[in-house]
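One file, target.txt, carrying compact mmCIF, N, CA and C atoms and all ligand atoms:
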```txt
# COMPACT_ATOMS: atom_id res chain seq x y z
N MET A 796 130.64 151.16 184.48
CA MET A 796 129.29 151.36 183.91
C MET A 796 128.85 152.81 184.06
N GLU A 797 128.37 153.39 182.99
CA GLU A 797 127.95 154.78 183.01
C GLU A 797 126.44 154.89 183.22
N ARG A 798 126.02 156.03 183.78
CA ARG A 798 124.59 156.29 183.95
C ARG A 798 124.23 157.63 183.33
N THR A 799 122.98 157.74 182.88
CA THR A 799 122.49 159.00 182.34
C THR A 799 121.03 159.19 182.71
N LEU A 800 120.56 160.44 182.67
CA LEU A 800 119.14 160.69 182.90
C LEU A 800 118.42 160.81 181.56
N SER A 801 117.33 160.06 181.46
CA SER A 801 116.44 160.18 180.31
C SER A 801 115.10 160.69 180.81
N ILE A 802 114.49 161.58 180.03
CA ILE A 802 113.11 162.00 180.32
C ILE A 802 112.29 161.81 179.06
N ILE A 803 111.12 161.17 179.23
CA ILE A 803 110.11 161.22 178.17
C ILE A 803 109.27 162.45 178.49
N LYS A 804 109.34 163.44 177.61
CA LYS A 804 108.74 164.75 177.85
C LYS A 804 107.21 164.68 177.77
N PRO A 805 106.51 165.75 178.20
CA PRO A 805 105.04 165.71 178.20
C PRO A 805 104.42 165.34 176.85
N ASP A 806 105.05 165.74 175.74
CA ASP A 806 104.50 165.36 174.43
C ASP A 806 104.63 163.86 174.18
N GLY A 807 105.73 163.28 174.63
CA GLY A 807 105.94 161.83 174.47
C GLY A 807 104.94 161.03 175.28
N VAL A 808 104.67 161.49 176.51
CA VAL A 808 103.71 160.78 177.37
C VAL A 808 102.30 160.93 176.80
N SER A 809 101.90 162.18 176.46
CA SER A 809 100.51 162.40 176.02
C SER A 809 100.24 161.74 174.67
N ARG A 810 101.27 161.55 173.86
CA ARG A 810 101.07 160.90 172.56
C ARG A 810 101.24 159.38 172.62
N GLY A 811 101.40 158.84 173.83
CA GLY A 811 101.44 157.38 173.96
C GLY A 811 102.73 156.75 173.46
N LEU A 812 103.85 157.46 173.66
CA LEU A 812 105.13 156.97 173.15
C LEU A 812 106.05 156.41 174.22
N VAL A 813 105.52 156.24 175.44
CA VAL A 813 106.37 155.73 176.53
C VAL A 813 106.92 154.34 176.18
N GLY A 814 106.05 153.44 175.78
CA GLY A 814 106.48 152.08 175.44
C GLY A 814 107.46 152.06 174.29
N GLU A 815 107.20 152.87 173.28
CA GLU A 815 108.07 152.95 172.10
C GLU A 815 109.49 153.38 172.48
N VAL A 816 109.58 154.42 173.33
CA VAL A 816 110.91 154.91 173.73
C VAL A 816 111.63 153.85 174.57
N ILE A 817 110.91 153.28 175.53
CA ILE A 817 111.54 152.27 176.40
C ILE A 817 111.97 151.05 175.59
N LYS A 818 111.17 150.66 174.61
CA LYS A 818 111.53 149.52 173.75
C LYS A 818 112.88 149.76 173.07
N ARG A 819 113.09 151.00 172.63
CA ARG A 819 114.37 151.31 171.96
C ARG A 819 115.54 151.18 172.92
N PHE A 820 115.34 151.60 174.16
CA PHE A 820 116.42 151.43 175.15
C PHE A 820 116.68 149.94 175.37
N GLU A 821 115.60 149.18 175.60
CA GLU A 821 115.75 147.74 175.89
C GLU A 821 116.41 147.01 174.73
N GLN A 822 116.05 147.39 173.51
CA GLN A 822 116.59 146.69 172.34
C GLN A 822 118.04 147.08 172.04
N ASN A 823 118.52 148.12 172.72
CA ASN A 823 119.89 148.57 172.49
C ASN A 823 120.81 148.31 173.68
N GLY A 824 120.43 147.33 174.49
CA GLY A 824 121.31 146.90 175.58
C GLY A 824 121.43 147.90 176.71
N ILE A 825 120.43 148.77 176.83
CA ILE A 825 120.43 149.76 177.91
C ILE A 825 119.49 149.29 179.01
N ARG A 826 119.99 149.34 180.24
CA ARG A 826 119.21 148.87 181.39
C ARG A 826 118.62 150.07 182.13
N ILE A 827 117.34 149.97 182.51
CA ILE A 827 116.71 151.01 183.33
C ILE A 827 116.94 150.64 184.79
N VAL A 828 117.61 151.53 185.55
CA VAL A 828 117.91 151.21 186.95
C VAL A 828 117.10 152.05 187.93
N ALA A 829 116.32 153.01 187.43
CA ALA A 829 115.37 153.77 188.25
C ALA A 829 114.38 154.41 187.29
N MET A 830 113.12 154.55 187.75
CA MET A 830 112.10 155.13 186.86
C MET A 830 110.94 155.67 187.68
N LYS A 831 110.40 156.82 187.26
CA LYS A 831 109.18 157.35 187.89
C LYS A 831 108.43 158.26 186.93
N MET A 832 107.11 158.39 187.19
CA MET A 832 106.30 159.34 186.44
C MET A 832 105.93 160.47 187.40
N LEU A 833 106.02 161.70 186.92
CA LEU A 833 105.71 162.86 187.76
C LEU A 833 105.37 164.04 186.88
N GLN A 834 104.80 165.07 187.48
CA GLN A 834 104.61 166.33 186.76
C GLN A 834 105.42 167.40 187.48
N MET A 835 106.33 168.04 186.78
CA MET A 835 107.14 169.11 187.38
C MET A 835 106.31 170.38 187.52
N SER A 836 106.60 171.14 188.57
CA SER A 836 106.07 172.50 188.66
C SER A 836 106.91 173.37 187.72
N LYS A 837 106.42 174.58 187.45
CA LYS A 837 107.19 175.52 186.63
C LYS A 837 108.57 175.75 187.27
N GLN A 838 108.56 175.90 188.60
CA GLN A 838 109.81 176.17 189.33
C GLN A 838 110.79 175.00 189.23
N GLN A 839 110.28 173.79 189.33
CA GLN A 839 111.14 172.60 189.18
C GLN A 839 111.73 172.54 187.77
N ALA A 840 110.93 172.87 186.77
CA ALA A 840 111.43 172.87 185.39
C ALA A 840 112.49 173.96 185.21
N GLN A 841 112.29 175.11 185.83
CA GLN A 841 113.29 176.19 185.75
C GLN A 841 114.61 175.75 186.39
N GLY A 842 114.52 175.02 187.50
CA GLY A 842 115.73 174.53 188.17
C GLY A 842 116.44 173.48 187.33
N PHE A 843 115.66 172.61 186.71
CA PHE A 843 116.24 171.55 185.89
C PHE A 843 117.00 172.12 184.70
N TYR A 844 116.40 173.14 184.06
CA TYR A 844 116.98 173.74 182.87
C TYR A 844 117.72 175.05 183.18
N ALA A 845 118.21 175.20 184.39
CA ALA A 845 118.88 176.46 184.80
C ALA A 845 120.00 176.88 183.85
N VAL A 846 120.71 175.90 183.25
CA VAL A 846 121.79 176.27 182.30
C VAL A 846 121.27 177.07 181.12
N HIS A 847 119.98 176.93 180.83
CA HIS A 847 119.39 177.62 179.67
C HIS A 847 118.64 178.89 180.06
N ARG A 848 118.83 179.37 181.30
CA ARG A 848 117.96 180.46 181.78
C ARG A 848 118.05 181.74 180.95
N ASP A 849 119.17 181.96 180.27
CA ASP A 849 119.30 183.19 179.47
C ASP A 849 118.91 183.01 178.01
N ARG A 850 118.49 181.80 177.65
CA ARG A 850 118.13 181.55 176.24
C ARG A 850 116.71 182.06 175.98
N PRO A 851 116.45 182.50 174.74
CA PRO A 851 115.12 183.06 174.42
C PRO A 851 113.99 182.05 174.60
N PHE A 852 114.31 180.74 174.52
CA PHE A 852 113.26 179.73 174.60
C PHE A 852 113.00 179.23 176.03
N PHE A 853 113.70 179.81 177.02
CA PHE A 853 113.63 179.29 178.39
C PHE A 853 112.20 179.29 178.96
N ASP A 854 111.48 180.39 178.79
CA ASP A 854 110.15 180.48 179.39
C ASP A 854 109.18 179.48 178.75
N SER A 855 109.23 179.41 177.43
CA SER A 855 108.37 178.47 176.71
C SER A 855 108.74 177.02 177.06
N LEU A 856 110.04 176.74 177.10
CA LEU A 856 110.51 175.38 177.41
C LEU A 856 110.05 174.94 178.80
N THR A 857 110.17 175.82 179.78
CA THR A 857 109.79 175.43 181.15
C THR A 857 108.27 175.36 181.30
N ASP A 858 107.52 176.16 180.53
CA ASP A 858 106.05 176.00 180.48
C ASP A 858 105.71 174.61 179.94
N PHE A 859 106.33 174.28 178.83
CA PHE A 859 106.08 172.98 178.19
C PHE A 859 106.45 171.82 179.12
N MET A 860 107.63 171.88 179.72
CA MET A 860 108.09 170.76 180.55
C MET A 860 107.28 170.57 181.82
N SER A 861 106.54 171.63 182.23
CA SER A 861 105.68 171.49 183.42
C SER A 861 104.21 171.35 183.03
N SER A 862 103.93 171.16 181.75
CA SER A 862 102.54 171.16 181.27
C SER A 862 101.83 169.82 181.46
N GLY A 863 102.55 168.77 181.78
CA GLY A 863 101.93 167.46 181.92
C GLY A 863 102.93 166.47 182.47
N PRO A 864 102.47 165.22 182.69
CA PRO A 864 103.38 164.22 183.25
C PRO A 864 104.55 163.89 182.34
N ILE A 865 105.65 163.56 182.98
CA ILE A 865 106.86 163.08 182.30
C ILE A 865 107.25 161.73 182.91
N VAL A 866 108.07 160.99 182.19
CA VAL A 866 108.66 159.77 182.75
C VAL A 866 110.17 160.02 182.84
N ALA A 867 110.70 159.97 184.06
CA ALA A 867 112.14 160.16 184.28
C ALA A 867 112.75 158.79 184.55
N MET A 868 113.89 158.54 183.91
CA MET A 868 114.56 157.25 184.05
C MET A 868 116.06 157.44 184.19
N VAL A 869 116.67 156.56 184.94
CA VAL A 869 118.13 156.48 184.95
C VAL A 869 118.51 155.26 184.12
N LEU A 870 119.30 155.50 183.09
CA LEU A 870 119.74 154.44 182.18
C LEU A 870 121.17 154.06 182.51
N GLU A 871 121.47 152.78 182.36
CA GLU A 871 122.82 152.30 182.65
C GLU A 871 123.32 151.42 181.50
N ALA A 872 124.51 151.68 181.06
CA ALA A 872 125.20 150.85 180.05
C ALA A 872 126.58 151.46 179.86
N GLU A 873 127.45 150.73 179.18
CA GLU A 873 128.74 151.30 178.83
C GLU A 873 128.52 152.44 177.83
N GLY A 874 129.08 153.59 178.11
CA GLY A 874 128.96 154.72 177.19
C GLY A 874 127.54 155.19 176.96
N VAL A 875 126.69 155.03 177.97
CA VAL A 875 125.24 155.27 177.77
C VAL A 875 124.89 156.74 177.54
N ILE A 876 125.74 157.66 177.98
CA ILE A 876 125.43 159.08 177.75
C ILE A 876 125.40 159.34 176.23
N GLY A 877 126.47 158.90 175.56
CA GLY A 877 126.54 159.09 174.12
C GLY A 877 125.57 158.19 173.36
N LYS A 878 125.43 156.97 173.84
CA LYS A 878 124.52 156.01 173.21
C LYS A 878 123.09 156.54 173.21
N ASN A 879 122.66 157.10 174.34
CA ASN A 879 121.31 157.66 174.44
C ASN A 879 121.16 158.86 173.52
N ARG A 880 122.19 159.73 173.48
CA ARG A 880 122.11 160.91 172.60
C ARG A 880 121.99 160.46 171.14
N THR A 881 122.68 159.37 170.78
CA THR A 881 122.59 158.85 169.42
C THR A 881 121.18 158.33 169.12
N LEU A 882 120.61 157.58 170.07
CA LEU A 882 119.25 157.06 169.87
C LEU A 882 118.23 158.20 169.79
N MET A 883 118.47 159.29 170.56
CA MET A 883 117.55 160.43 170.57
C MET A 883 117.56 161.20 169.25
N GLY A 884 118.76 161.44 168.72
CA GLY A 884 118.91 162.29 167.53
C GLY A 884 119.09 163.74 167.91
N ALA A 885 119.38 164.57 166.91
CA ALA A 885 119.68 165.99 167.14
C ALA A 885 118.49 166.72 167.76
N THR A 886 118.79 167.80 168.48
CA THR A 886 117.77 168.62 169.14
C THR A 886 116.65 168.99 168.17
N ASP A 887 117.04 169.48 166.99
CA ASP A 887 116.07 169.84 165.97
C ASP A 887 115.76 168.59 165.15
N TYR A 888 114.53 168.10 165.27
CA TYR A 888 114.17 166.83 164.62
C TYR A 888 114.41 166.85 163.11
N LYS A 889 114.41 168.06 162.51
CA LYS A 889 114.64 168.15 161.06
C LYS A 889 116.08 167.80 160.71
N GLU A 890 116.97 167.94 161.70
CA GLU A 890 118.39 167.61 161.48
C GLU A 890 118.76 166.25 162.06
N ALA A 891 117.81 165.59 162.70
CA ALA A 891 118.10 164.31 163.36
C ALA A 891 118.24 163.20 162.32
N ALA A 892 119.14 162.26 162.60
CA ALA A 892 119.38 161.14 161.68
C ALA A 892 118.15 160.25 161.60
N GLU A 893 118.02 159.58 160.47
CA GLU A 893 116.91 158.63 160.28
C GLU A 893 116.96 157.53 161.32
N GLY A 894 115.78 157.13 161.78
CA GLY A 894 115.70 156.04 162.75
C GLY A 894 115.89 156.48 164.19
N THR A 895 116.13 157.78 164.41
CA THR A 895 116.26 158.26 165.78
C THR A 895 114.87 158.62 166.33
N ILE A 896 114.77 158.68 167.65
CA ILE A 896 113.49 158.95 168.31
C ILE A 896 112.93 160.30 167.85
N ARG A 897 113.79 161.31 167.85
CA ARG A 897 113.30 162.65 167.49
C ARG A 897 112.90 162.72 166.01
N ARG A 898 113.69 162.12 165.14
CA ARG A 898 113.34 162.12 163.71
C ARG A 898 112.02 161.40 163.48
N ASP A 899 111.82 160.30 164.19
CA ASP A 899 110.62 159.50 163.98
C ASP A 899 109.36 160.13 164.58
N PHE A 900 109.50 160.89 165.67
CA PHE A 900 108.30 161.30 166.40
C PHE A 900 108.16 162.79 166.70
N ALA A 901 109.26 163.56 166.71
CA ALA A 901 109.14 164.97 167.13
C ALA A 901 108.38 165.78 166.09
N THR A 902 107.75 166.84 166.56
CA THR A 902 106.92 167.68 165.70
C THR A 902 107.41 169.11 165.70
N ASP A 903 108.42 169.40 166.51
CA ASP A 903 108.76 170.78 166.84
C ASP A 903 110.14 170.76 167.48
N ILE A 904 110.93 171.83 167.34
CA ILE A 904 112.26 171.85 167.97
C ILE A 904 112.15 171.78 169.49
N GLU A 905 111.05 172.32 170.04
CA GLU A 905 110.86 172.28 171.50
C GLU A 905 110.22 170.95 171.92
N LYS A 906 109.16 170.58 171.25
CA LYS A 906 108.43 169.35 171.61
C LYS A 906 109.10 168.19 170.89
N ASN A 907 110.21 167.74 171.49
CA ASN A 907 111.04 166.74 170.81
C ASN A 907 111.15 165.43 171.60
N ILE A 908 110.10 165.11 172.34
CA ILE A 908 109.83 163.77 172.91
C ILE A 908 110.72 163.35 174.08
N VAL A 909 112.03 163.56 173.93
CA VAL A 909 112.95 163.03 174.94
C VAL A 909 114.02 164.05 175.35
N HIS A 910 114.49 163.86 176.56
CA HIS A 910 115.67 164.57 177.07
C HIS A 910 116.73 163.53 177.40
N GLY A 911 118.00 163.89 177.23
CA GLY A 911 119.10 163.03 177.68
C GLY A 911 120.27 163.88 178.13
N SER A 912 120.87 163.49 179.24
CA SER A 912 122.05 164.22 179.74
C SER A 912 123.12 164.25 178.66
N ASP A 913 123.92 165.33 178.65
CA ASP A 913 124.91 165.46 177.58
C ASP A 913 126.36 165.30 178.03
N SER A 914 126.61 165.07 179.33
CA SER A 914 127.99 164.86 179.80
C SER A 914 127.93 164.17 181.17
N PRO A 915 129.03 163.62 181.64
CA PRO A 915 129.04 163.00 182.98
C PRO A 915 128.63 163.99 184.08
N GLU A 916 129.04 165.26 183.94
CA GLU A 916 128.71 166.27 184.96
C GLU A 916 127.21 166.55 184.96
N THR A 917 126.63 166.76 183.78
CA THR A 917 125.18 167.03 183.75
C THR A 917 124.40 165.78 184.15
N ALA A 918 124.90 164.60 183.79
CA ALA A 918 124.21 163.36 184.20
C ALA A 918 124.12 163.28 185.72
N GLU A 919 125.20 163.61 186.39
CA GLU A 919 125.19 163.53 187.85
C GLU A 919 124.19 164.52 188.45
N PHE A 920 124.23 165.76 187.97
CA PHE A 920 123.28 166.77 188.45
C PHE A 920 121.84 166.35 188.17
N GLU A 921 121.60 165.89 186.96
CA GLU A 921 120.22 165.59 186.55
C GLU A 921 119.67 164.33 187.23
N ILE A 922 120.50 163.32 187.41
CA ILE A 922 120.05 162.11 188.13
C ILE A 922 119.67 162.48 189.56
N ASN A 923 120.53 163.28 190.21
CA ASN A 923 120.26 163.67 191.59
C ASN A 923 119.07 164.63 191.72
N TYR A 924 118.72 165.28 190.62
CA TYR A 924 117.57 166.19 190.63
C TYR A 924 116.27 165.42 190.84
N PHE A 925 116.23 164.17 190.36
CA PHE A 925 114.98 163.38 190.41
C PHE A 925 115.03 162.17 191.33
N PHE A 926 116.22 161.65 191.61
CA PHE A 926 116.29 160.37 192.31
C PHE A 926 117.21 160.43 193.52
N ASN A 927 116.80 159.70 194.57
CA ASN A 927 117.69 159.52 195.72
C ASN A 927 118.25 158.09 195.72
N LYS A 928 119.20 157.84 196.59
CA LYS A 928 119.95 156.57 196.54
C LYS A 928 119.11 155.33 196.83
N PHE A 929 117.91 155.51 197.40
CA PHE A 929 117.05 154.35 197.70
C PHE A 929 116.21 153.92 196.49
N GLU A 930 116.28 154.69 195.43
CA GLU A 930 115.37 154.47 194.29
C GLU A 930 116.01 153.72 193.13
N PHE A 931 117.22 153.19 193.36
CA PHE A 931 117.91 152.45 192.29
C PHE A 931 117.83 150.94 192.48
N ILE A 932 117.73 150.24 191.35
CA ILE A 932 117.79 148.78 191.33
C ILE A 932 119.26 148.39 191.23
N ASN A 933 119.68 147.42 192.03
CA ASN A 933 121.07 146.97 191.96
C ASN A 933 121.30 146.04 190.76
P1 LIG B 1 119.05 168.83 173.88
O1 LIG B 1 117.71 168.49 174.53
O2 LIG B 1 119.22 168.15 172.56
O3 LIG B 1 120.21 168.60 174.81
P2 LIG B 1 119.39 171.67 174.41
O4 LIG B 1 120.15 172.62 173.53
O5 LIG B 1 120.00 171.29 175.70
O6 LIG B 1 119.01 170.39 173.53
O7 LIG B 1 117.97 172.36 174.67
C1 LIG B 1 117.11 171.85 175.66
C2 LIG B 1 115.72 171.79 175.10
O8 LIG B 1 115.27 173.10 174.82
C3 LIG B 1 115.57 171.05 173.77
O9 LIG B 1 115.46 169.64 173.89
C4 LIG B 1 114.30 171.65 173.23
O10 LIG B 1 113.14 171.08 173.88
C5 LIG B 1 114.44 173.11 173.67
N1 LIG B 1 115.09 173.92 172.63
C6 LIG B 1 116.39 173.93 172.26
N2 LIG B 1 116.64 174.83 171.31
C7 LIG B 1 115.46 175.42 171.06
C8 LIG B 1 115.04 176.46 170.15
O11 LIG B 1 115.84 177.01 169.36
N3 LIG B 1 113.71 176.82 170.20
C9 LIG B 1 112.82 176.24 171.05
N4 LIG B 1 113.17 175.26 171.91
C10 LIG B 1 114.46 174.86 171.91
MG MG B 2 120.67 169.55 176.61
```

Full structure transcribed into structure tokens:
Amino acid sequence: MERTLSIIKPDGVSRGLVGEVIKRFEQNGIRIVAMKMLQMSKQQAQGFYAVHRDRPFFDSLTDFMSSGPIVAMVLEAEGVIGKNRTLMGATDYKEAAEGTIRRDFATDIEKNIVHGSDSPETAEFEINYFFNKFEFIN
């Protein structure tokens, strides 16, 4: 069984899309094994997105990600890293496939509702960034 980190970003929470996103996971055979709501500091957002520190959008992205509450979840299913990326759609909502979360709800390449780990290595780093071993449902 594979695990991945999902985040409902500040735009998703403030626009009332938490239930909508979770419904899509539940309807696609994905189990939530840990979940919390929190607001990241700027520094926590910089640490989370450290791989992007040299990108031109890094400062704006970390401002946005620390601007309000997020919902962080650990998802579990077979092949869930890829499955979640498929449900999310492409980074740029204009290029995202029909019926994906980003195509249906995103308004901006940055404010694109959800985050999802993109590989087993990043999933491990990102899950451990938010959750400790006592916070999982068996
Ligand atoms: P991903 O979220 O689809 O994995 P990444 O390339 O890892 O996309 O970028 C991380 C986040 O940075 C994106 O979800 C988006 O919020 C933001 N982002 C990516 N590319 C751009 C850009 O060209 N301009 C502004 N923000 C961007
Ligand atoms: Mg990414």

Counting only N, CA and C atoms, what are the residues of stretch 829-908 of chain A within 8 Å of stretch 804-812 of chain A, and for each of them which pair of atoms is the nearest and at what distance in Å, to one decimal? Sort the table by chain and rising number, as CSV.
```
residue,atom,partner,partner_atom,distance
A:Phe859,C,A:Pro805,N,6.1
A:Met860,CA,A:Pro805,N,5.8
A:Ser861,N,A:Pro805,N,7.1
A:Ser862,C,A:Pro805,CA,6.2
A:Gly863,C,A:Pro805,CA,4.8
A:Pro864,C,A:Pro805,CA,4.5
A:Ile865,CA,A:Lys804,C,4.8
A:Val866,N,A:Lys804,N,5.3
A:Ala867,N,A:Lys804,N,7.4
A:Lys906,CA,A:Asp806,CA,6.3
A:Asn907,C,A:Gly807,N,6.6
A:Ile908,C,A:Lys804,N,3.8
```

- Task: Just the strand (DSSP E or B) stuff from stretch 800-876 of chain A, please, per backbone DSSP, written as a PyMOL selection string.
- Result: chain A and resi 800-803+826-833+865-872

- Item | Residue neighbourhood A:Asp913, 12 Å, only C-alpha atoms, exclusion window fewer than 2 positions, as a list in words | Arg798, Thr799, Leu800, Ser801, Gly874, Val875, Ile876, Gly877, Lys878, Asn879, Arg880, Thr881, Met883, Ala885, Thr886, His910, Gly911, Pro915, Glu916, Thr917, Ala918, Glu919, Phe920 and Glu921 of chain A

- Item | Point (117.2, 148.4, 187.7), cut-off 7 Å, counting only C-alpha atoms, residues as a VMD selection string | chain A and resid 826 to 829 931 to 933

- Take atom O3 of ligand LIG 1 (chain B) and atom CA of A:Ala845 and report the distance between them in Å, one decimal.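 Computing it gives 12.8 Å between the two atoms.
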
- Query: How many Å separate atom CA of A:Leu882 from atom N of A:Arg898?
  - Reply: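 Separating atom CA of A:Leu882 from atom N of A:Arg898 is a distance of 8.9 Å.
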
Give the helix (DSSP H, G or I) residues of stretch 819-848 of chain A, as DSSP finds them on the backbone, and put them as an mmCIF file with N, CA and C atoms, in the frame of the given file.
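File written: out_28.cif
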```cif
data_model
loop_
_atom_site.group_PDB
_atom_site.id
_atom_site.type_symbol
_atom_site.label_atom_id
_atom_site.label_comp_id
_atom_site.auth_asym_id
_atom_site.auth_seq_id
_atom_site.Cartn_x
_atom_site.Cartn_y
_atom_site.Cartn_z
ATOM 1 N N ARG A 819 113.090 151.000 172.630
ATOM 2 C CA ARG A 819 114.370 151.310 171.960
ATOM 3 C C ARG A 819 115.540 151.180 172.920
ATOM 4 N N PHE A 820 115.340 151.600 174.160
ATOM 5 C CA PHE A 820 116.420 151.430 175.150
ATOM 6 C C PHE A 820 116.680 149.940 175.370
ATOM 7 N N GLU A 821 115.600 149.180 175.600
ATOM 8 C CA GLU A 821 115.750 147.740 175.890
ATOM 9 C C GLU A 821 116.410 147.010 174.730
ATOM 10 N N GLN A 822 116.050 147.390 173.510
ATOM 11 C CA GLN A 822 116.590 146.690 172.340
ATOM 12 C C GLN A 822 118.040 147.080 172.040
ATOM 13 N N LYS A 837 106.420 174.580 187.450
ATOM 14 C CA LYS A 837 107.190 175.520 186.630
ATOM 15 C C LYS A 837 108.570 175.750 187.270
ATOM 16 N N GLN A 838 108.560 175.900 188.600
ATOM 17 C CA GLN A 838 109.810 176.170 189.330
ATOM 18 C C GLN A 838 110.790 175.000 189.230
ATOM 19 N N GLN A 839 110.280 173.790 189.330
ATOM 20 C CA GLN A 839 111.140 172.600 189.180
ATOM 21 C C GLN A 839 111.730 172.540 187.770
ATOM 22 N N ALA A 840 110.930 172.870 186.770
ATOM 23 C CA ALA A 840 111.430 172.870 185.390
ATOM 24 C C ALA A 840 112.490 173.960 185.210
ATOM 25 N N GLN A 841 112.290 175.110 185.830
ATOM 26 C CA GLN A 841 113.290 176.190 185.750
ATOM 27 C C GLN A 841 114.610 175.750 186.390
ATOM 28 N N GLY A 842 114.520 175.020 187.500
ATOM 29 C CA GLY A 842 115.730 174.530 188.170
ATOM 30 C C GLY A 842 116.440 173.480 187.330
ATOM 31 N N PHE A 843 115.660 172.610 186.710
ATOM 32 C CA PHE A 843 116.240 171.550 185.890
ATOM 33 C C PHE A 843 117.000 172.120 184.700
ATOM 34 N N ALA A 845 118.210 175.200 184.390
ATOM 35 C CA ALA A 845 118.880 176.460 184.800
ATOM 36 C C ALA A 845 120.000 176.880 183.850
ATOM 37 N N VAL A 846 120.710 175.900 183.250
ATOM 38 C CA VAL A 846 121.790 176.270 182.300
ATOM 39 C C VAL A 846 121.270 177.070 181.120
ATOM 40 N N HIS A 847 119.980 176.930 180.830
ATOM 41 C CA HIS A 847 119.390 177.620 179.670
ATOM 42 C C HIS A 847 118.640 178.890 180.060
#
```

- Query: If you measure from atom CA of A:Arg850 to atom C of A:Arg897, what distance in Å do you get, rounded to one decimal?
  - Reply: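 Interatomic distance here is 22.1 Å.
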
Edge lengths and centre in Å to one decimal, as AutoDock Vina command-line options, is what I'm after for the box along x, y and z that holds all listed atoms of ligand LIG 1 (chain B) once 8 Å is added on each side.
```
--center_x 116.5 --center_y 172.6 --center_z 172.5 --size_x 23.4 --size_y 24.9 --size_z 22.3
```

- Residue nearest ligand LIG 1 (chain B) - candidates A:Val909, A:Val816, A:Met835, A:Ile922, atoms counted: all atoms listed in the file: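 The shortest atom-to-atom distance to ligand LIG 1 (chain B) comes from A:Val909.
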
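Distance annotation: of A:Tyr924, A:Phe900, A:Phe853, A:Phe929, the residue with the minimal separation from ligand LIG 1 (chain B) is A:Phe853; atom set is all atoms listed in the file.
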
- Item | Pick from A:Ser912, A:Ile803, A:Thr857, A:Phe843 nearest to ligand MG 2 (chain B), counting all atoms listed in the file | A:Ser912

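Nearest to ligand LIG 1 (chain B) of all the residues A:Glu930, A:Asp854, A:Glu873, A:Asp899 is A:Asp854, counting only C-alpha atoms and all ligand atoms.
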
- Query: Pick the closest to ligand MG 2 (chain B) from A:Lys831, A:Gln822, A:Asn927, A:Ser914: which is it, counting only N, CA and C atoms and all ligand atoms?
  - Reply: A:Ser914

- Pick from A:Asp903, A:Glu893, A:Glu815, A:Asp887: nearest to ligand MG 2 (chain B), with only C-alpha atoms and all ligand atoms counted?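 Result for the nearest residue to ligand MG 2 (chain B): A:Asp887.
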